[in-house]
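Novice: Mind looking over this structure? Questions follow.
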Amino acid sequence: MTFQIQRRQLTAFVAAALALGATGSLAQATDKPVRMVLPVGAGSGVDTIMRAATPSLTKALGGQAVVIENLPGAGGITGTSVVVRAAADGQTLGVVSNNHVVNPSVFKKMPFDAINDITPISVVGATPFVLVVNPKVPAKNAKELQALLKAKPDGYNYASSGNGTIIHLAGAMFMDAAGVDARHIPYKGVGPMVADIIGGQVEMGVVAVPAVQGQLKSGALRAIGVMGKTRVPSLPDVPTIAEQGFPDVDVSGWFAVIGPAKLPPAEVKRLHAAVVAAFNTPETKDAMAKQENIINPMSPEASAQFFKTEQERYAKLVKKANITAE
């Protein structure tokens, strides 16, 4: 999904947030902190994003503290289950990413409904992905990589951060668009995956841009193309896969703030305004820019539709690629 900043929409959101702040509506009549559950480990992309935004979010909530709690496991299911079971009072929120809508197609059983058991507050933004290869791979762009894979079917491997993860699906998306195949090698996390691509144990993989900026700069990895529809500021000379002749390739690591199902409309409005205000402060905007994150908060209504559309889109890819969780 492409994320681009829509100035008029963002300006309207911010104006609403500031107006609410001026009347004190963002403040909640409680000293109890907001529990922000992250279904990922400390130091991950989403964790880094939310820790950078938390001070601004606390201010936007009228000084109400926001406490981050990392509960990783089962592709995000463990932590999100806590949010789903929480009281619908705005005191327990969560942050989910692509895997939230991928999991229903990958796992045979789910402890909750990814669409109906949550309340979307806002799909806040996304982190761009890039397809990278070991420098010894004789391909410098997507067309050359396609030709290489066609010439040697099953002769190359592509890595992912785990079976059924969005990184796995991103790799499968390129293979499908290019009409080629490669052997999938799942790893337990991005770190080991990147290390083995650099070491040559596997030839290629899709990864978030911030995770490999240093390696791309040093030449330890070569960028084949950006997986979204727009180029990345820190990689201006790296074209997107789409502009290289594969228009259906469009995937990035989006993240969204959610609450339990049946969250009262007034509370959804209050929390959405606070999230928009928090991600529009100079401090948070600067942190997001350094992390290459594209921020464009969606309304709760647009976020709900986005979740449904993304779940349907990934379900088709999962079925076509015959992907199942281990």
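We label chains A, B, ... in the order they appear in the structure tokens, count residues from 1 in each chain, and number ligands from 1 in the order shown.
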At a cut-off of 9 Å, using only C-alpha atoms, what residues contact range 241-255 of chain A? Leave out same-chain residues fewer than 5 positions from it and give the result as an MDAnalysis selection string.
Specialist: chainID A and resid 1:3 46 95:98 122:131 141:143 166:167 170 173:174 177:178 208 224:230
Novice: Generate a file of the selected residues that holds C-alpha atoms, formatted as a PDB file, in the first residue's frame.
Specialist:
```
ATOM      1  CA  MET A   1       0.000   0.000   0.000  1.00  0.00           C
ATOM      2  CA  THR A   2       1.342   3.447  -0.906  1.00  0.00           C
ATOM      3  CA  PHE A   3       1.630   6.048   1.834  1.00  0.00           C
ATOM      4  CA  VAL A  46       7.397  -0.490  15.689  1.00  0.00           C
ATOM      5  CA  VAL A  95      -0.013  -1.002  17.882  1.00  0.00           C
ATOM      6  CA  VAL A  96      -0.212  -3.532  15.069  1.00  0.00           C
ATOM      7  CA  SER A  97       1.343  -3.848  11.633  1.00  0.00           C
ATOM      8  CA  ASN A  98       0.810  -5.828   8.429  1.00  0.00           C
ATOM      9  CA  SER A 122      -5.513   5.290  13.077  1.00  0.00           C
ATOM     10  CA  VAL A 123      -3.238   3.695  10.517  1.00  0.00           C
ATOM     11  CA  VAL A 124      -0.454   6.145  11.288  1.00  0.00           C
ATOM     12  CA  GLY A 125       2.137   5.549   8.582  1.00  0.00           C
ATOM     13  CA  ALA A 126       4.619   3.135   7.090  1.00  0.00           C
ATOM     14  CA  THR A 127       8.277   2.174   6.828  1.00  0.00           C
ATOM     15  CA  PRO A 128       9.570   1.504   3.293  1.00  0.00           C
ATOM     16  CA  PHE A 129      10.920  -1.902   2.277  1.00  0.00           C
ATOM     17  CA  VAL A 130      13.750  -2.582  -0.150  1.00  0.00           C
ATOM     18  CA  LEU A 131      14.736  -5.738  -2.044  1.00  0.00           C
ATOM     19  CA  ASN A 141      18.119  -4.214 -11.102  1.00  0.00           C
ATOM     20  CA  ALA A 142      14.766  -6.013 -11.035  1.00  0.00           C
ATOM     21  CA  LYS A 143      14.793  -7.039 -14.693  1.00  0.00           C
ATOM     22  CA  ILE A 166       5.124  -9.601   5.911  1.00  0.00           C
ATOM     23  CA  ILE A 167       8.801  -9.829   4.922  1.00  0.00           C
ATOM     24  CA  ALA A 170       6.934  -9.160   0.269  1.00  0.00           C
ATOM     25  CA  MET A 173       5.025 -10.703  -4.053  1.00  0.00           C
ATOM     26  CA  PHE A 174       8.097  -9.953  -6.155  1.00  0.00           C
ATOM     27  CA  ALA A 177       4.997 -10.376 -10.191  1.00  0.00           C
ATOM     28  CA  ALA A 178       8.200 -11.439 -11.961  1.00  0.00           C
ATOM     29  CA  ALA A 208      12.962  -2.387   6.013  1.00  0.00           C
ATOM     30  CA  ILE A 224      17.597  -3.918  -6.332  1.00  0.00           C
ATOM     31  CA  GLY A 225      14.574  -1.714  -5.767  1.00  0.00           C
ATOM     32  CA  VAL A 226      12.186  -0.097  -3.292  1.00  0.00           C
ATOM     33  CA  MET A 227       9.057  -2.192  -2.756  1.00  0.00           C
ATOM     34  CA  GLY A 228       6.611   0.721  -2.438  1.00  0.00           C
ATOM     35  CA  LYS A 229       5.299   3.094  -5.093  1.00  0.00           C
ATOM     36  CA  THR A 230       7.623   5.980  -4.231  1.00  0.00           C
TER      37      THR A 230
END
```
Novice: Would you mind writing down, as a PDB file with N, CA, C and O atoms, in the first residue's frame, each residue of range 53-264 of chain A that DSSP on the backbone assigns to strand (DSSP E)?
Specialist:
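out-v3.pdb, written as the output of this step:
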```pdb
ATOM      1  N   VAL A  66       1.753   7.428  29.140  1.00  0.00           N
ATOM      2  CA  VAL A  66       1.602   6.294  28.221  1.00  0.00           C
ATOM      3  C   VAL A  66       2.729   5.316  28.531  1.00  0.00           C
ATOM      4  O   VAL A  66       3.908   5.663  28.421  1.00  0.00           O
ATOM      5  N   VAL A  67       2.380   4.122  28.933  1.00  0.00           N
ATOM      6  CA  VAL A  67       3.356   3.108  29.313  1.00  0.00           C
ATOM      7  C   VAL A  67       3.402   2.014  28.247  1.00  0.00           C
ATOM      8  O   VAL A  67       2.393   1.355  27.981  1.00  0.00           O
ATOM      9  N   ILE A  68       4.570   1.836  27.650  1.00  0.00           N
ATOM     10  CA  ILE A  68       4.730   0.823  26.613  1.00  0.00           C
ATOM     11  C   ILE A  68       5.020  -0.533  27.241  1.00  0.00           C
ATOM     12  O   ILE A  68       5.838  -0.651  28.155  1.00  0.00           O
ATOM     13  N   GLU A  69       4.333  -1.549  26.736  1.00  0.00           N
ATOM     14  CA  GLU A  69       4.533  -2.915  27.211  1.00  0.00           C
ATOM     15  C   GLU A  69       4.766  -3.828  26.009  1.00  0.00           C
ATOM     16  O   GLU A  69       3.888  -3.968  25.150  1.00  0.00           O
ATOM     17  N   ASN A  70       5.935  -4.419  25.930  1.00  0.00           N
ATOM     18  CA  ASN A  70       6.270  -5.326  24.830  1.00  0.00           C
ATOM     19  C   ASN A  70       5.804  -6.743  25.156  1.00  0.00           C
ATOM     20  O   ASN A  70       6.217  -7.316  26.163  1.00  0.00           O
ATOM     21  N   THR A  92      -6.393   0.767  27.515  1.00  0.00           N
ATOM     22  CA  THR A  92      -5.488  -0.210  26.914  1.00  0.00           C
ATOM     23  C   THR A  92      -5.584  -0.108  25.406  1.00  0.00           C
ATOM     24  O   THR A  92      -6.659  -0.299  24.828  1.00  0.00           O
ATOM     25  N   LEU A  93      -4.455   0.221  24.792  1.00  0.00           N
ATOM     26  CA  LEU A  93      -4.375   0.332  23.348  1.00  0.00           C
ATOM     27  C   LEU A  93      -3.274  -0.590  22.842  1.00  0.00           C
ATOM     28  O   LEU A  93      -2.509  -1.150  23.623  1.00  0.00           O
ATOM     29  N   GLY A  94      -3.179  -0.723  21.547  1.00  0.00           N
ATOM     30  CA  GLY A  94      -2.126  -1.542  20.969  1.00  0.00           C
ATOM     31  C   GLY A  94      -1.662  -0.949  19.655  1.00  0.00           C
ATOM     32  O   GLY A  94      -2.318  -0.064  19.095  1.00  0.00           O
ATOM     33  N   VAL A  95      -0.535  -1.420  19.188  1.00  0.00           N
ATOM     34  CA  VAL A  95      -0.013  -1.002  17.882  1.00  0.00           C
ATOM     35  C   VAL A  95       0.242  -2.266  17.077  1.00  0.00           C
ATOM     36  O   VAL A  95       0.971  -3.151  17.519  1.00  0.00           O
ATOM     37  N   VAL A  96      -0.366  -2.355  15.921  1.00  0.00           N
ATOM     38  CA  VAL A  96      -0.212  -3.532  15.069  1.00  0.00           C
ATOM     39  C   VAL A  96       0.344  -3.118  13.713  1.00  0.00           C
ATOM     40  O   VAL A  96       0.325  -1.931  13.358  1.00  0.00           O
ATOM     41  N   SER A  97       0.814  -4.100  12.970  1.00  0.00           N
ATOM     42  CA  SER A  97       1.343  -3.848  11.633  1.00  0.00           C
ATOM     43  C   SER A  97       0.740  -4.855  10.657  1.00  0.00           C
ATOM     44  O   SER A  97      -0.241  -5.514  10.968  1.00  0.00           O
ATOM     45  N   ILE A 118     -11.448  -5.571  17.116  1.00  0.00           N
ATOM     46  CA  ILE A 118     -10.652  -4.379  17.428  1.00  0.00           C
ATOM     47  C   ILE A 118     -11.395  -3.126  16.998  1.00  0.00           C
ATOM     48  O   ILE A 118     -12.362  -3.195  16.238  1.00  0.00           O
ATOM     49  N   THR A 119     -10.911  -1.989  17.483  1.00  0.00           N
ATOM     50  CA  THR A 119     -11.383  -0.688  17.019  1.00  0.00           C
ATOM     51  C   THR A 119     -10.184   0.068  16.465  1.00  0.00           C
ATOM     52  O   THR A 119      -9.279   0.431  17.231  1.00  0.00           O
ATOM     53  N   PRO A 120     -10.123   0.302  15.169  1.00  0.00           N
ATOM     54  CA  PRO A 120      -9.007   1.071  14.613  1.00  0.00           C
ATOM     55  C   PRO A 120      -9.061   2.532  15.075  1.00  0.00           C
ATOM     56  O   PRO A 120     -10.108   3.173  14.976  1.00  0.00           O
ATOM     57  N   ILE A 121      -7.957   3.022  15.591  1.00  0.00           N
ATOM     58  CA  ILE A 121      -7.836   4.438  15.954  1.00  0.00           C
ATOM     59  C   ILE A 121      -7.238   5.204  14.784  1.00  0.00           C
ATOM     60  O   ILE A 121      -7.766   6.217  14.346  1.00  0.00           O
ATOM     61  N   SER A 122      -6.129   4.682  14.256  1.00  0.00           N
ATOM     62  CA  SER A 122      -5.513   5.290  13.077  1.00  0.00           C
ATOM     63  C   SER A 122      -4.408   4.412  12.518  1.00  0.00           C
ATOM     64  O   SER A 122      -3.578   3.901  13.267  1.00  0.00           O
ATOM     65  N   VAL A 123      -4.418   4.214  11.203  1.00  0.00           N
ATOM     66  CA  VAL A 123      -3.238   3.695  10.517  1.00  0.00           C
ATOM     67  C   VAL A 123      -2.337   4.912  10.373  1.00  0.00           C
ATOM     68  O   VAL A 123      -2.640   5.830   9.611  1.00  0.00           O
ATOM     69  N   VAL A 124      -1.254   4.929  11.128  1.00  0.00           N
ATOM     70  CA  VAL A 124      -0.454   6.145  11.288  1.00  0.00           C
ATOM     71  C   VAL A 124       0.501   6.390  10.122  1.00  0.00           C
ATOM     72  O   VAL A 124       0.660   7.522   9.655  1.00  0.00           O
ATOM     73  N   GLY A 125       1.150   5.352   9.642  1.00  0.00           N
ATOM     74  CA  GLY A 125       2.137   5.549   8.582  1.00  0.00           C
ATOM     75  C   GLY A 125       2.800   4.248   8.214  1.00  0.00           C
ATOM     76  O   GLY A 125       2.275   3.159   8.512  1.00  0.00           O
ATOM     77  N   ALA A 126       3.954   4.345   7.565  1.00  0.00           N
ATOM     78  CA  ALA A 126       4.619   3.135   7.090  1.00  0.00           C
ATOM     79  C   ALA A 126       6.124   3.330   6.978  1.00  0.00           C
ATOM     80  O   ALA A 126       6.618   4.457   6.850  1.00  0.00           O
ATOM     81  N   THR A 127       6.832   2.209   7.030  1.00  0.00           N
ATOM     82  CA  THR A 127       8.277   2.174   6.828  1.00  0.00           C
ATOM     83  C   THR A 127       8.545   1.489   5.493  1.00  0.00           C
ATOM     84  O   THR A 127       8.020   0.408   5.238  1.00  0.00           O
ATOM     85  N   PRO A 128       9.331   2.099   4.612  1.00  0.00           N
ATOM     86  CA  PRO A 128       9.570   1.504   3.293  1.00  0.00           C
ATOM     87  C   PRO A 128      10.424   0.250   3.347  1.00  0.00           C
ATOM     88  O   PRO A 128      11.306   0.119   4.189  1.00  0.00           O
ATOM     89  N   PHE A 129      10.150  -0.675   2.444  1.00  0.00           N
ATOM     90  CA  PHE A 129      10.920  -1.902   2.277  1.00  0.00           C
ATOM     91  C   PHE A 129      11.785  -1.804   1.021  1.00  0.00           C
ATOM     92  O   PHE A 129      11.440  -1.093   0.074  1.00  0.00           O
ATOM     93  N   VAL A 130      12.882  -2.544   1.021  1.00  0.00           N
ATOM     94  CA  VAL A 130      13.750  -2.582  -0.150  1.00  0.00           C
ATOM     95  C   VAL A 130      14.189  -4.028  -0.398  1.00  0.00           C
ATOM     96  O   VAL A 130      14.438  -4.778   0.545  1.00  0.00           O
ATOM     97  N   LEU A 131      14.240  -4.419  -1.663  1.00  0.00           N
ATOM     98  CA  LEU A 131      14.736  -5.738  -2.044  1.00  0.00           C
ATOM     99  C   LEU A 131      16.248  -5.630  -2.204  1.00  0.00           C
ATOM    100  O   LEU A 131      16.738  -4.805  -2.974  1.00  0.00           O
ATOM    101  N   VAL A 132      16.981  -6.441  -1.437  1.00  0.00           N
ATOM    102  CA  VAL A 132      18.446  -6.380  -1.469  1.00  0.00           C
ATOM    103  C   VAL A 132      19.027  -7.737  -1.852  1.00  0.00           C
ATOM    104  O   VAL A 132      18.378  -8.774  -1.677  1.00  0.00           O
ATOM    105  N   VAL A 133      20.254  -7.707  -2.380  1.00  0.00           N
ATOM    106  CA  VAL A 133      20.958  -8.944  -2.731  1.00  0.00           C
ATOM    107  C   VAL A 133      22.393  -8.867  -2.228  1.00  0.00           C
ATOM    108  O   VAL A 133      22.920  -7.778  -1.951  1.00  0.00           O
ATOM    109  N   ASN A 157      18.156 -18.583  -3.335  1.00  0.00           N
ATOM    110  CA  ASN A 157      17.351 -18.543  -2.117  1.00  0.00           C
ATOM    111  C   ASN A 157      16.990 -17.108  -1.761  1.00  0.00           C
ATOM    112  O   ASN A 157      17.759 -16.183  -2.036  1.00  0.00           O
ATOM    113  N   TYR A 158      15.831 -16.928  -1.149  1.00  0.00           N
ATOM    114  CA  TYR A 158      15.514 -15.611  -0.580  1.00  0.00           C
ATOM    115  C   TYR A 158      15.140 -15.790   0.881  1.00  0.00           C
ATOM    116  O   TYR A 158      14.453 -16.742   1.254  1.00  0.00           O
ATOM    117  N   ALA A 159      15.636 -14.877   1.692  1.00  0.00           N
ATOM    118  CA  ALA A 159      15.449 -14.972   3.140  1.00  0.00           C
ATOM    119  C   ALA A 159      14.250 -14.152   3.603  1.00  0.00           C
ATOM    120  O   ALA A 159      13.798 -13.228   2.921  1.00  0.00           O
ATOM    121  N   SER A 160      13.742 -14.494   4.781  1.00  0.00           N
ATOM    122  CA  SER A 160      12.707 -13.686   5.420  1.00  0.00           C
ATOM    123  C   SER A 160      12.931 -13.717   6.920  1.00  0.00           C
ATOM    124  O   SER A 160      13.722 -14.514   7.426  1.00  0.00           O
ATOM    125  N   ARG A 183      13.938 -20.405  -3.568  1.00  0.00           N
ATOM    126  CA  ARG A 183      13.691 -21.175  -2.341  1.00  0.00           C
ATOM    127  C   ARG A 183      13.617 -20.230  -1.145  1.00  0.00           C
ATOM    128  O   ARG A 183      14.520 -19.432  -0.905  1.00  0.00           O
ATOM    129  N   HIS A 184      12.535 -20.320  -0.385  1.00  0.00           N
ATOM    130  CA  HIS A 184      12.353 -19.464   0.783  1.00  0.00           C
ATOM    131  C   HIS A 184      13.078 -20.037   1.989  1.00  0.00           C
ATOM    132  O   HIS A 184      12.904 -21.206   2.343  1.00  0.00           O
ATOM    133  N   ILE A 185      13.896 -19.198   2.639  1.00  0.00           N
ATOM    134  CA  ILE A 185      14.622 -19.592   3.848  1.00  0.00           C
ATOM    135  C   ILE A 185      14.176 -18.675   4.992  1.00  0.00           C
ATOM    136  O   ILE A 185      14.558 -17.502   5.049  1.00  0.00           O
ATOM    137  N   PRO A 186      13.345 -19.178   5.920  1.00  0.00           N
ATOM    138  CA  PRO A 186      12.893 -18.337   7.037  1.00  0.00           C
ATOM    139  C   PRO A 186      13.921 -18.268   8.161  1.00  0.00           C
ATOM    140  O   PRO A 186      14.593 -19.250   8.470  1.00  0.00           O
ATOM    141  N   MET A 204      19.289 -13.206  -1.348  1.00  0.00           N
ATOM    142  CA  MET A 204      18.471 -11.989  -1.395  1.00  0.00           C
ATOM    143  C   MET A 204      17.396 -11.994  -0.328  1.00  0.00           C
ATOM    144  O   MET A 204      17.158 -13.011   0.342  1.00  0.00           O
ATOM    145  N   GLY A 205      16.724 -10.856  -0.186  1.00  0.00           N
ATOM    146  CA  GLY A 205      15.625 -10.745   0.757  1.00  0.00           C
ATOM    147  C   GLY A 205      15.067  -9.339   0.756  1.00  0.00           C
ATOM    148  O   GLY A 205      15.712  -8.403   0.274  1.00  0.00           O
ATOM    149  N   VAL A 206      13.861  -9.190   1.289  1.00  0.00           N
ATOM    150  CA  VAL A 206      13.240  -7.875   1.448  1.00  0.00           C
ATOM    151  C   VAL A 206      13.387  -7.472   2.902  1.00  0.00           C
ATOM    152  O   VAL A 206      13.185  -8.289   3.812  1.00  0.00           O
ATOM    153  N   VAL A 207      13.728  -6.209   3.139  1.00  0.00           N
ATOM    154  CA  VAL A 207      13.949  -5.738   4.511  1.00  0.00           C
ATOM    155  C   VAL A 207      13.587  -4.272   4.604  1.00  0.00           C
ATOM    156  O   VAL A 207      13.576  -3.551   3.589  1.00  0.00           O
ATOM    157  N   ALA A 208      13.265  -3.802   5.808  1.00  0.00           N
ATOM    158  CA  ALA A 208      12.962  -2.387   6.013  1.00  0.00           C
ATOM    159  C   ALA A 208      14.217  -1.558   5.769  1.00  0.00           C
ATOM    160  O   ALA A 208      15.315  -1.932   6.178  1.00  0.00           O
ATOM    161  N   ARG A 222      23.484  -4.845  -1.911  1.00  0.00           N
ATOM    162  CA  ARG A 222      23.108  -4.048  -3.084  1.00  0.00           C
ATOM    163  C   ARG A 222      21.589  -3.944  -3.138  1.00  0.00           C
ATOM    164  O   ARG A 222      20.879  -4.947  -2.997  1.00  0.00           O
ATOM    165  N   ALA A 223      21.094  -2.741  -3.345  1.00  0.00           N
ATOM    166  CA  ALA A 223      19.650  -2.528  -3.454  1.00  0.00           C
ATOM    167  C   ALA A 223      19.191  -2.788  -4.882  1.00  0.00           C
ATOM    168  O   ALA A 223      19.729  -2.211  -5.832  1.00  0.00           O
ATOM    169  N   ILE A 224      18.189  -3.640  -5.022  1.00  0.00           N
ATOM    170  CA  ILE A 224      17.597  -3.918  -6.332  1.00  0.00           C
ATOM    171  C   ILE A 224      16.454  -2.945  -6.610  1.00  0.00           C
ATOM    172  O   ILE A 224      16.279  -2.463  -7.723  1.00  0.00           O
ATOM    173  N   GLY A 225      15.670  -2.660  -5.579  1.00  0.00           N
ATOM    174  CA  GLY A 225      14.574  -1.714  -5.767  1.00  0.00           C
ATOM    175  C   GLY A 225      13.735  -1.550  -4.518  1.00  0.00           C
ATOM    176  O   GLY A 225      13.680  -2.435  -3.661  1.00  0.00           O
ATOM    177  N   VAL A 226      13.093  -0.394  -4.404  1.00  0.00           N
ATOM    178  CA  VAL A 226      12.186  -0.097  -3.292  1.00  0.00           C
ATOM    179  C   VAL A 226      10.857  -0.783  -3.579  1.00  0.00           C
ATOM    180  O   VAL A 226      10.369  -0.780  -4.715  1.00  0.00           O
ATOM    181  N   SER A 252       4.744  -2.043   2.013  1.00  0.00           N
ATOM    182  CA  SER A 252       5.590  -1.373   3.000  1.00  0.00           C
ATOM    183  C   SER A 252       5.120  -1.797   4.372  1.00  0.00           C
ATOM    184  O   SER A 252       4.050  -2.392   4.525  1.00  0.00           O
ATOM    185  N   GLY A 253       5.912  -1.494   5.379  1.00  0.00           N
ATOM    186  CA  GLY A 253       5.580  -1.929   6.733  1.00  0.00           C
ATOM    187  C   GLY A 253       4.744  -0.915   7.479  1.00  0.00           C
ATOM    188  O   GLY A 253       5.279  -0.083   8.218  1.00  0.00           O
ATOM    189  N   TRP A 254       3.421  -0.948   7.288  1.00  0.00           N
ATOM    190  CA  TRP A 254       2.574   0.048   7.949  1.00  0.00           C
ATOM    191  C   TRP A 254       2.350  -0.305   9.432  1.00  0.00           C
ATOM    192  O   TRP A 254       2.556  -1.431   9.860  1.00  0.00           O
ATOM    193  N   PHE A 255       1.946   0.689  10.200  1.00  0.00           N
ATOM    194  CA  PHE A 255       1.671   0.489  11.624  1.00  0.00           C
ATOM    195  C   PHE A 255       0.445   1.298  12.010  1.00  0.00           C
ATOM    196  O   PHE A 255       0.182   2.370  11.467  1.00  0.00           O
ATOM    197  N   ALA A 256      -0.335   0.746  12.947  1.00  0.00           N
ATOM    198  CA  ALA A 256      -1.601   1.371  13.322  1.00  0.00           C
ATOM    199  C   ALA A 256      -1.869   1.251  14.807  1.00  0.00           C
ATOM    200  O   ALA A 256      -1.502   0.261  15.436  1.00  0.00           O
ATOM    201  N   VAL A 257      -2.534   2.252  15.352  1.00  0.00           N
ATOM    202  CA  VAL A 257      -2.956   2.238  16.753  1.00  0.00           C
ATOM    203  C   VAL A 257      -4.387   1.707  16.799  1.00  0.00           C
ATOM    204  O   VAL A 257      -5.251   2.156  16.034  1.00  0.00           O
ATOM    205  N   ILE A 258      -4.626   0.754  17.679  1.00  0.00           N
ATOM    206  CA  ILE A 258      -5.951   0.148  17.798  1.00  0.00           C
ATOM    207  C   ILE A 258      -6.379   0.089  19.260  1.00  0.00           C
ATOM    208  O   ILE A 258      -5.571   0.261  20.173  1.00  0.00           O
ATOM    209  N   GLY A 259      -7.654  -0.174  19.453  1.00  0.00           N
ATOM    210  CA  GLY A 259      -8.187  -0.421  20.782  1.00  0.00           C
ATOM    211  C   GLY A 259      -9.081  -1.642  20.735  1.00  0.00           C
ATOM    212  O   GLY A 259      -9.258  -2.250  19.676  1.00  0.00           O
ATOM    213  N   PRO A 260      -9.667  -2.042  21.849  1.00  0.00           N
ATOM    214  CA  PRO A 260     -10.592  -3.184  21.851  1.00  0.00           C
ATOM    215  C   PRO A 260     -11.844  -2.850  21.042  1.00  0.00           C
ATOM    216  O   PRO A 260     -12.120  -1.684  20.747  1.00  0.00           O
TER     217      PRO A 260
END
```
Novice: Would you return as an MDAnalysis selection string the members of range 58-304 of chain A that DSSP assigns to helix (DSSP H, G or I) on this structure's backbone?
Specialist: chainID A and resid 58:60 74:85 99:106 142:151 166:178 190:199 209:218 242:244 265:279 282:290 300:304
Novice: For each of A:Ile295, A:Val34, A:Val232, A:Val101, take the minimum atom-to-atom distance to Thr165 in chain A, counting only C-alpha atoms, then give the residue where this is smallest.
Specialist: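 For Thr165 in chain A, the nearest of the candidates is A:Val101.
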Novice: Report as a list of chain:residue names all protein, DNA and RNA residues lying within 10 Å of Ala261 in chain A, evaluated on only C-alpha atoms, omitting residues in the same chain fewer than 3 positions from it.
Specialist: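 Answer for this query is A:Val83, A:Val84, A:Arg85, A:Ala86, A:Ala87, A:Ala88, A:Ile115, A:Asn116, A:Asp117, A:Ile118, A:Thr119, A:Pro120, A:Ile258, A:Pro264.
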Novice: With range 270-288 of chain A as the partner and 10 Å as the cut-off, tabulate the residues of range 22-118 of chain A that qualify, each row holding the nearest pair of atoms and their distance in Å to one decimal, using only C-alpha atoms, sorted by chain and rising number, as JSON lines.
Specialist:
```
{"residue": "A:Ser25", "atom": "CA", "partner": "A:Arg270", "partner_atom": "CA", "distance": 7.3}
{"residue": "A:Leu26", "atom": "CA", "partner": "A:Arg270", "partner_atom": "CA", "distance": 5.9}
{"residue": "A:Ala27", "atom": "CA", "partner": "A:Arg270", "partner_atom": "CA", "distance": 8.7}
{"residue": "A:Gln28", "atom": "CA", "partner": "A:Arg270", "partner_atom": "CA", "distance": 9.1}
{"residue": "A:Thr48", "atom": "CA", "partner": "A:Ala287", "partner_atom": "CA", "distance": 9.5}
{"residue": "A:Ile49", "atom": "CA", "partner": "A:Met288", "partner_atom": "CA", "distance": 7.1}
{"residue": "A:Met50", "atom": "CA", "partner": "A:Thr284", "partner_atom": "CA", "distance": 9.6}
{"residue": "A:Arg51", "atom": "CA", "partner": "A:Thr284", "partner_atom": "CA", "distance": 9.8}
{"residue": "A:Ala52", "atom": "CA", "partner": "A:Thr284", "partner_atom": "CA", "distance": 6.4}
{"residue": "A:Ala53", "atom": "CA", "partner": "A:Thr284", "partner_atom": "CA", "distance": 5.5}
{"residue": "A:Thr54", "atom": "CA", "partner": "A:Ala278", "partner_atom": "CA", "distance": 7.9}
{"residue": "A:Pro55", "atom": "CA", "partner": "A:Ala278", "partner_atom": "CA", "distance": 8.2}
{"residue": "A:Ser56", "atom": "CA", "partner": "A:Ala278", "partner_atom": "CA", "distance": 4.7}
{"residue": "A:Leu57", "atom": "CA", "partner": "A:Ala278", "partner_atom": "CA", "distance": 4.7}
{"residue": "A:Thr58", "atom": "CA", "partner": "A:Ala278", "partner_atom": "CA", "distance": 8.1}
{"residue": "A:Lys59", "atom": "CA", "partner": "A:Ala278", "partner_atom": "CA", "distance": 7.7}
{"residue": "A:Ala60", "atom": "CA", "partner": "A:Ala274", "partner_atom": "CA", "distance": 5.0}
{"residue": "A:Leu61", "atom": "CA", "partner": "A:Ala274", "partner_atom": "CA", "distance": 6.0}
{"residue": "A:Gly62", "atom": "CA", "partner": "A:Ala274", "partner_atom": "CA", "distance": 9.1}
{"residue": "A:Gly90", "atom": "CA", "partner": "A:Leu271", "partner_atom": "CA", "distance": 7.8}
{"residue": "A:Leu93", "atom": "CA", "partner": "A:Leu271", "partner_atom": "CA", "distance": 9.7}
```
Novice: Show me a table, sorted first by chain and then by increasing residue number, of the residues of range 166-202 of chain A having an atom at most 12 Å from range 35-45 of chain A, each with its shortest atom pair and the distance in Å to one decimal, counting only C-alpha atoms and written as a Markdown table.
Specialist:
```
| residue | atom | partner | partner_atom | distance |
| --- | --- | --- | --- | --- |
| A:Gly189 | CA | A:Ser44 | CA | 9.6 |
| A:Val190 | CA | A:Ser44 | CA | 9.2 |
| A:Gly191 | CA | A:Ser44 | CA | 10.3 |
```
